[in-house]
$ cat start-v5.csv   # CSV, C-alpha atoms and all ligand atoms
chain,number,residue,atom,x,y,z
Y,1,MET,CA,116.0,210.9,82.5
Y,2,SER,CA,113.3,208.2,82.5
Y,3,LEU,CA,111.0,207.7,85.5
Y,4,ALA,CA,112.5,204.2,86.1
Y,5,SER,CA,116.0,205.6,86.2
Y,6,ARG,CA,114.9,208.4,88.5
Y,7,LEU,CA,113.3,205.9,90.9
Y,8,TYR,CA,116.5,203.8,90.7
Y,9,ARG,CA,118.5,206.9,91.5
Y,10,LEU,CA,116.2,207.6,94.4
Y,11,GLN,CA,116.7,204.1,95.7
Y,12,THR,CA,120.5,204.4,95.5
Y,13,THR,CA,120.5,207.8,97.1
Y,14,GLU,CA,118.3,206.5,100.0
Y,15,PHE,CA,120.5,203.5,100.5
Y,16,ASP,CA,123.6,205.7,100.6
Y,17,LEU,CA,121.9,208.1,102.9
Y,18,LYS,CA,120.8,205.3,105.3
Y,19,HIS,CA,124.4,203.9,105.3
Y,20,LYS,CA,126.0,207.3,105.9
Y,21,ARG,CA,123.5,208.1,108.7
Y,22,ARG,CA,124.4,204.8,110.4
Y,23,LEU,CA,128.1,205.5,109.9
Y,24,LEU,CA,127.6,209.0,111.4
Y,25,GLN,CA,125.7,207.6,114.4
Y,26,ASP,CA,128.4,205.0,115.0
Y,27,THR,CA,131.1,207.6,114.7
Y,28,VAL,CA,129.4,209.9,117.2
Y,29,ALA,CA,128.9,207.0,119.6
Y,30,ARG,CA,132.6,206.0,119.3
Y,31,LEU,CA,133.7,209.6,119.9
Y,32,LEU,CA,131.6,209.7,123.1
Y,33,HIS,CA,132.9,206.4,124.5
Y,34,ASN,CA,136.0,204.4,124.3
Y,35,ALA,CA,135.0,201.0,125.9
Y,36,GLU,CA,138.5,199.7,126.1
Y,37,LEU,CA,140.0,202.8,127.7
Y,38,SER,CA,137.1,203.0,130.2
Y,39,ALA,CA,137.5,199.3,131.2
Y,40,ALA,CA,141.3,199.8,131.7
Y,41,GLU,CA,140.6,203.0,133.8
Y,42,ASP,CA,138.1,201.1,135.9
Y,43,GLU,CA,140.6,198.3,136.4
Y,44,LEU,CA,143.3,200.8,137.4
Y,45,SER,CA,141.0,202.5,139.9
Y,46,ALA,CA,140.2,199.1,141.5
Y,47,ILE,CA,143.9,198.3,141.7
Y,48,GLU,CA,144.7,201.7,143.2
Y,49,SER,CA,142.1,201.1,145.9
Y,50,ARG,CA,143.6,197.7,146.7
Y,51,LEU,CA,147.1,199.3,146.7
Y,52,ALA,CA,146.0,202.0,149.1
Y,53,ALA,CA,144.5,199.4,151.5
Y,54,ALA,CA,147.6,197.3,151.3
Y,55,ARG,CA,149.8,200.3,152.1
Y,56,LYS,CA,147.6,201.2,155.0
Y,57,GLN,CA,147.8,197.7,156.3
Y,58,GLN,CA,151.6,197.7,156.0
Y,59,ARG,CA,151.9,201.1,157.8
Y,60,GLN,CA,149.7,199.8,160.6
Y,61,LEU,CA,152.0,196.8,161.0
Y,62,GLU,CA,155.1,199.0,160.9
Y,63,TRP,CA,153.7,201.1,163.8
Y,64,GLU,CA,152.8,198.0,165.8
Y,65,VAL,CA,156.3,196.6,165.2
Y,66,ASP,CA,157.9,199.9,166.3
Y,67,ASP,CA,155.7,200.0,169.4
Y,68,LEU,CA,156.6,196.5,170.4
Y,69,ASN,CA,160.3,197.2,169.9
Y,70,ALA,CA,160.0,200.3,172.1
Y,71,LYS,CA,158.2,198.2,174.6
Y,72,ILE,CA,160.9,195.6,174.6
Y,73,LYS,CA,163.6,198.3,175.0
Y,74,GLY,CA,161.7,199.7,178.0
Y,75,LEU,CA,161.5,196.3,179.6
Y,76,LYS,CA,165.1,195.5,178.9
Y,77,ASP,CA,166.2,198.9,180.4
Y,78,LYS,CA,164.3,198.0,183.5
Y,79,LEU,CA,165.7,194.5,183.5
Y,80,TYR,CA,169.3,195.5,183.1
Y,81,GLY,CA,169.2,199.0,184.5
Y,82,GLY,CA,170.0,197.9,188.0
Y,83,THR,CA,167.0,199.7,189.6
Y,84,VAL,CA,165.1,196.4,190.0
Y,85,ARG,CA,166.8,194.0,192.4
Y,86,ASN,CA,164.0,191.7,193.5
Y,87,PRO,CA,164.7,188.3,191.8
Y,88,LYS,CA,161.0,187.5,191.4
Y,89,GLU,CA,160.4,190.8,189.8
Y,90,LEU,CA,163.4,190.3,187.5
Y,91,VAL,CA,162.2,186.8,186.5
Y,92,SER,CA,158.8,188.3,185.7
Y,93,LEU,CA,160.4,191.1,183.7
Y,94,ASP,CA,162.4,188.6,181.7
Y,95,GLN,CA,159.2,186.6,181.0
Y,96,ASP,CA,157.5,189.8,179.8
Y,97,VAL,CA,160.4,190.5,177.4
Y,98,GLN,CA,160.1,186.9,176.0
Y,99,SER,CA,156.4,187.2,175.7
Y,100,VAL,CA,156.5,190.5,173.9
Y,101,LYS,CA,159.3,189.2,171.6
Y,102,ARG,CA,157.2,186.2,170.6
Y,103,TYR,CA,154.3,188.6,169.9
Y,104,LEU,CA,156.7,190.8,167.9
Y,105,GLY,CA,157.9,187.8,165.9
Y,106,GLY,CA,154.4,187.1,164.7
Y,107,LYS,CA,153.8,190.8,163.8
Y,108,GLU,CA,157.1,190.9,161.9
Y,109,GLU,CA,156.1,187.9,159.8
Y,110,LYS,CA,152.8,189.6,159.0
Y,111,LEU,CA,154.6,192.8,158.1
Y,112,LEU,CA,156.8,190.9,155.6
Y,113,GLU,CA,153.7,189.3,154.1
Y,114,ALA,CA,152.1,192.7,153.9
Y,115,MET,CA,155.3,194.2,152.2
Y,116,ASP,CA,155.2,191.3,149.6
Y,117,THR,CA,151.5,192.0,148.9
Y,118,THR,CA,152.1,195.8,148.5
Y,119,GLU,CA,155.0,195.1,146.1
Y,120,LEU,CA,152.9,192.7,144.0
Y,121,ILE,CA,150.0,195.2,143.7
Y,122,GLU,CA,152.4,198.0,142.9
Y,123,ALA,CA,153.8,195.9,140.0
Y,124,GLU,CA,150.3,195.2,138.8
Y,125,ALA,CA,149.3,198.8,139.1
Y,126,GLY,CA,152.4,199.8,137.1
Y,127,THR,CA,151.4,197.5,134.2
Y,128,VAL,CA,147.8,198.8,134.1
Y,129,ARG,CA,149.0,202.4,134.4
Y,130,ARG,CA,151.2,202.0,131.4
Y,131,ARG,CA,148.4,200.4,129.5
Y,132,VAL,CA,146.0,203.2,130.3
Y,133,ALA,CA,148.6,205.7,129.2
Y,134,ASP,CA,149.1,203.9,125.9
Y,135,LEU,CA,145.4,203.6,125.3
Y,136,LYS,CA,145.0,207.3,126.1
Y,137,ALA,CA,147.7,208.3,123.6
Y,138,ALA,CA,146.1,206.0,120.9
Y,139,TRP,CA,142.7,207.5,121.8
Y,140,GLU,CA,143.9,211.0,121.2
Y,141,GLN,CA,144.9,210.1,117.7
Y,142,GLU,CA,141.8,208.0,117.0
Y,143,LYS,CA,139.6,210.9,118.2
Y,144,GLU,CA,141.1,213.2,115.6
Y,145,GLN,CA,140.5,210.6,112.9
Y,146,LEU,CA,136.9,210.1,114.1
Y,147,GLN,CA,136.3,213.8,114.2
Y,148,THR,CA,137.5,214.1,110.6
Y,149,LEU,CA,135.3,211.2,109.6
Y,150,LYS,CA,132.3,212.7,111.4
Y,151,ASP,CA,132.7,216.1,109.7
Y,152,ALA,CA,133.0,214.4,106.3
Y,153,THR,CA,130.0,212.1,106.9
Y,154,GLU,CA,127.9,215.0,108.1
Y,155,GLY,CA,128.7,216.8,104.8
Y,156,GLU,CA,127.8,213.6,102.8
Y,157,VAL,CA,124.5,213.2,104.8
Y,158,ALA,CA,123.6,216.8,104.1
Y,159,HIS,CA,124.4,216.4,100.4
Y,160,LEU,CA,122.4,213.1,100.1
Y,161,THR,CA,119.5,214.6,102.0
Y,162,GLU,CA,119.3,217.4,99.5
Y,163,MET,CA,119.7,215.1,96.6
Y,164,ARG,CA,116.9,212.8,97.9
Y,165,LEU,CA,114.6,215.8,98.3
Y,166,SER,CA,115.3,217.1,94.8
Y,167,ILE,CA,114.6,213.6,93.3
Y,168,ARG,CA,111.5,213.3,95.3
Y,169,ASN,CA,110.3,216.7,94.2
Y,170,GLU,CA,110.8,215.7,90.5
Y,171,LEU,CA,108.6,212.6,91.0
Y,172,ASP,CA,104.9,212.7,90.6
Y,173,ALA,CA,103.0,211.8,93.8
Y,174,SER,CA,101.6,208.5,92.6
Y,175,ALA,CA,105.1,207.1,91.6
Y,176,SER,CA,106.5,208.3,94.9
Y,177,GLN,CA,103.7,206.7,96.9
Y,178,ARG,CA,104.0,203.4,95.0
Y,179,TYR,CA,107.7,203.4,95.5
Y,180,ASP,CA,107.3,203.8,99.2
Y,181,GLN,CA,104.7,201.1,99.3
Y,182,ILE,CA,106.9,198.6,97.6
Y,183,ALA,CA,110.0,199.7,99.6
Y,184,LYS,CA,108.0,199.2,102.8
Y,185,ALA,CA,106.8,195.7,101.8
Y,186,LYS,CA,110.0,194.4,100.1
Y,187,GLY,CA,112.9,196.5,101.4
Y,188,ILE,CA,114.0,197.1,97.8
Y,189,ALA,CA,111.5,198.8,95.5
Y,190,VAL,CA,113.4,199.0,92.3
Y,191,ALA,CA,115.0,195.8,90.9
Y,192,LYS,CA,117.6,195.8,88.0
Y,193,VAL,CA,117.0,193.5,85.1
Y,194,GLU,CA,120.2,191.6,84.3
Y,195,GLN,CA,120.5,188.9,81.6
Y,196,GLY,CA,116.7,188.9,81.3
Y,197,ARG,CA,116.1,188.2,85.0
Y,198,CYS,CA,114.7,190.4,87.7
Y,199,LYS,CA,117.4,190.8,90.4
Y,200,GLY,CA,114.7,191.2,93.0
Y,201,CYS,CA,113.2,187.7,92.6
Y,202,ASN,CA,115.7,186.1,90.2
Y,203,LEU,CA,112.9,185.1,87.8
Y,204,THR,CA,112.9,185.6,84.0
Y,205,VAL,CA,111.2,188.8,82.9
Y,206,PRO,CA,109.1,188.4,79.8
Y,207,ALA,CA,110.7,190.0,76.8
Y,208,GLY,CA,107.8,192.4,76.2
Y,209,LEU,CA,108.0,193.7,79.8
Y,210,TRP,CA,111.8,193.9,79.6
Y,211,GLN,CA,111.7,196.0,76.5
Y,212,ARG,CA,109.1,198.4,77.9
Y,213,ALA,CA,111.4,198.8,81.0
Y,214,ARG,CA,114.4,199.3,78.8
Y,215,ALA,CA,112.5,202.1,77.0
Y,216,GLY,CA,112.2,203.8,80.4
Y,217,GLU,CA,108.6,202.9,80.9
Y,218,ILE,CA,107.6,202.2,84.5
Y,219,VAL,CA,106.7,198.6,84.8
Y,220,GLU,CA,106.5,196.2,87.7
Y,221,CYS,CA,107.9,192.7,87.9
Y,222,GLY,CA,105.1,190.1,87.3
Y,223,SER,CA,106.3,187.9,90.1
Y,224,CYS,CA,107.7,190.1,92.9
Y,225,GLY,CA,106.0,193.3,92.1
Y,226,ARG,CA,109.1,195.5,92.1
Y,227,PHE,CA,109.7,198.3,89.7
Y,228,LEU,CA,111.9,197.1,86.9
Y,229,TYR,CA,115.0,199.0,85.9
Y,230,VAL,CA,117.2,198.3,82.9
Y,231,ASP,CA,120.6,200.0,83.0
V,1,ZN,ZN,110.9,190.3,90.4

$ encode --input "start-v5.csv" --output "structure tokens"
Amino acid sequence: MSLASRLYRLQTTEFDLKHKRRLLQDTVARLLHNAELSAAEDELSAIESRLAAARKQQRQLEWEVDDLNAKIKGLKDKLYGGTVRNPKELVSLDQDVQSVKRYLGGKEEKLLEAMDTTELIEAEAGTVRRRVADLKAAWEQEKEQLQTLKDATEGEVAHLTEMRLSIRNELDASASQRYDQIAKAKGIAVAKVEQGRCKGCNLTVPAGLWQRARAGEIVECGSCGRFLYVD
């Protein structure tokens, strides 16, 4: 294998390796964190807090309504029980009953509102709970696929790393260094020559240079300085 084709193979291997490493990194990151599921879980936990507060508020009002009903019953028992005979006292008792009843009316209205609120939040929580359950089920499947992808990509990275090392070991130090220099400056160190043009800069390669490159000799493009490779 000519030096030019070994350099070209090195470049292809390094690109593949870079790509596979990035894929591995992304896969590991995705395995660690499911943004959509976390967001839905956060949303659910916020709704659960709101629901707990609404239920507490509702219970509080139910107790108050019960207390007021008991109070009214006590007052009525006194009013109609026959133990109180003083007309003034009876009038005052009746006024108390009316006053507590008015107060009770307001509380009952608030209780109805609180019940409506609880019901609305319960419905909302139900929707989000189902969504979280669906996302979790989907996530279990996705995790399996991601794990398979991760294992396969780790294998590929190991293989490409070995390949890269063995190509590097076959190269002499000066070619390896020059390759790194060009790669660092230009991103791509080895450019293919296609239809007489350097694919790195798209300029025509003089026939003499092109023929030397085709013979496997290591030559650099006169305009962009990349190694030329003829397939
Ligand atoms: Zn060029």

$ closest_atom_pairs --input "start-v5.csv" --of "chain Y" --to "ligand ZN 1 (chain V)" --cutoff "12 Å" --atoms "only C-alpha atoms and all ligand atoms" --output "CSV"
residue,atom,partner,partner_atom,distance
Y:Ile182,CA,V:ZN1,ZN,11.7
Y:Lys186,CA,V:ZN1,ZN,10.6
Y:Ile188,CA,V:ZN1,ZN,10.5
Y:Ala189,CA,V:ZN1,ZN,9.9
Y:Val190,CA,V:ZN1,ZN,9.2
Y:Ala191,CA,V:ZN1,ZN,6.9
Y:Lys192,CA,V:ZN1,ZN,9.0
Y:Val193,CA,V:ZN1,ZN,8.7
Y:Glu194,CA,V:ZN1,ZN,11.2
Y:Gly196,CA,V:ZN1,ZN,10.9
Y:Arg197,CA,V:ZN1,ZN,7.8
Y:Cys198,CA,V:ZN1,ZN,4.7
Y:Lys199,CA,V:ZN1,ZN,6.5
Y:Gly200,CA,V:ZN1,ZN,4.7
Y:Cys201,CA,V:ZN1,ZN,4.1
Y:Asn202,CA,V:ZN1,ZN,6.4
Y:Leu203,CA,V:ZN1,ZN,6.1
Y:Thr204,CA,V:ZN1,ZN,8.2
Y:Val205,CA,V:ZN1,ZN,7.7
Y:Pro206,CA,V:ZN1,ZN,10.9
Y:Leu209,CA,V:ZN1,ZN,11.5
Y:Trp210,CA,V:ZN1,ZN,11.4
Y:Val219,CA,V:ZN1,ZN,10.9
Y:Glu220,CA,V:ZN1,ZN,7.8
Y:Cys221,CA,V:ZN1,ZN,4.6
Y:Gly222,CA,V:ZN1,ZN,6.6
Y:Ser223,CA,V:ZN1,ZN,5.2
Y:Cys224,CA,V:ZN1,ZN,4.1
Y:Gly225,CA,V:ZN1,ZN,6.0
Y:Arg226,CA,V:ZN1,ZN,5.8
Y:Phe227,CA,V:ZN1,ZN,8.1
Y:Leu228,CA,V:ZN1,ZN,7.7
Y:Tyr229,CA,V:ZN1,ZN,10.6

$ write_last_selection --input "start-v5.csv" --atoms "C-alpha atoms" --output "PDB file, in the frame of the given file"
ATOM      1  CA  ILE Y 182     106.900 198.600  97.600  1.00  0.00           C
ATOM      2  CA  LYS Y 186     110.000 194.400 100.100  1.00  0.00           C
ATOM      3  CA  ILE Y 188     114.000 197.100  97.800  1.00  0.00           C
ATOM      4  CA  ALA Y 189     111.500 198.800  95.500  1.00  0.00           C
ATOM      5  CA  VAL Y 190     113.400 199.000  92.300  1.00  0.00           C
ATOM      6  CA  ALA Y 191     115.000 195.800  90.900  1.00  0.00           C
ATOM      7  CA  LYS Y 192     117.600 195.800  88.000  1.00  0.00           C
ATOM      8  CA  VAL Y 193     117.000 193.500  85.100  1.00  0.00           C
ATOM      9  CA  GLU Y 194     120.200 191.600  84.300  1.00  0.00           C
ATOM     10  CA  GLY Y 196     116.700 188.900  81.300  1.00  0.00           C
ATOM     11  CA  ARG Y 197     116.100 188.200  85.000  1.00  0.00           C
ATOM     12  CA  CYS Y 198     114.700 190.400  87.700  1.00  0.00           C
ATOM     13  CA  LYS Y 199     117.400 190.800  90.400  1.00  0.00           C
ATOM     14  CA  GLY Y 200     114.700 191.200  93.000  1.00  0.00           C
ATOM     15  CA  CYS Y 201     113.200 187.700  92.600  1.00  0.00           C
ATOM     16  CA  ASN Y 202     115.700 186.100  90.200  1.00  0.00           C
ATOM     17  CA  LEU Y 203     112.900 185.100  87.800  1.00  0.00           C
ATOM     18  CA  THR Y 204     112.900 185.600  84.000  1.00  0.00           C
ATOM     19  CA  VAL Y 205     111.200 188.800  82.900  1.00  0.00           C
ATOM     20  CA  PRO Y 206     109.100 188.400  79.800  1.00  0.00           C
ATOM     21  CA  LEU Y 209     108.000 193.700  79.800  1.00  0.00           C
ATOM     22  CA  TRP Y 210     111.800 193.900  79.600  1.00  0.00           C
ATOM     23  CA  VAL Y 219     106.700 198.600  84.800  1.00  0.00           C
ATOM     24  CA  GLU Y 220     106.500 196.200  87.700  1.00  0.00           C
ATOM     25  CA  CYS Y 221     107.900 192.700  87.900  1.00  0.00           C
ATOM     26  CA  GLY Y 222     105.100 190.100  87.300  1.00  0.00           C
ATOM     27  CA  SER Y 223     106.300 187.900  90.100  1.00  0.00           C
ATOM     28  CA  CYS Y 224     107.700 190.100  92.900  1.00  0.00           C
ATOM     29  CA  GLY Y 225     106.000 193.300  92.100  1.00  0.00           C
ATOM     30  CA  ARG Y 226     109.100 195.500  92.100  1.00  0.00           C
ATOM     31  CA  PHE Y 227     109.700 198.300  89.700  1.00  0.00           C
ATOM     32  CA  LEU Y 228     111.900 197.100  86.900  1.00  0.00           C
ATOM     33  CA  TYR Y 229     115.000 199.000  85.900  1.00  0.00           C
TER      34      TYR Y 229
END

$ residues_around --input "start-v5.csv" --residues "Y:Leu31" --least-positions-apart "6" --cutoff "12 Å" --atoms "all atoms listed in the file" --output "PyMOL selection string"
chain Y and resi 24-25+139-150

$ atom_distance --input "start-v5.csv" --atom1 "atom CA of Y:Val230" --atom2 "atom CA of Y:Ala213"
6.1 Å

$ atom_distance --input "start-v5.csv" --atom1 "atom CA of Y:Val128" --atom2 "atom CA of Y:Ala40"
7.0 Å

$ residues_around --input "start-v5.csv" --residues "Y:Gly216" --least-positions-apart "5" --cutoff "9 Å" --atoms "all atoms listed in the file" --output "compact mmCIF listing (two decimals) with C-alpha atoms, in the coordinates of the input"
# COMPACT_ATOMS: atom_id res chain seq x y z
CA MET Y 1 116.00 210.90 82.50
CA SER Y 2 113.30 208.20 82.50
CA LEU Y 3 111.00 207.70 85.50
CA ALA Y 4 112.50 204.20 86.10
CA SER Y 5 116.00 205.60 86.20
CA GLN Y 211 111.70 196.00 76.50
CA TYR Y 229 115.00 199.00 85.90
CA VAL Y 230 117.20 198.30 82.90

$ closest_residue --input "start-v5.csv" --among "Y:Glu162, Y:Glu109, Y:Glu41, Y:Asp116" --to "Y:Ala133" --atoms "all atoms listed in the file"
Y:Glu41

$ closest_residue --input "start-v5.csv" --among "Y:Leu171, Y:Ser99, Y:Asp180, Y:Pro87" --to "Y:Ile72" --atoms "only C-alpha atoms"
Y:Ser99

$ atom_distance --input "start-v5.csv" --atom1 "atom CA of Y:Val65" --atom2 "atom CA of Y:Arg85"
29.3 Å
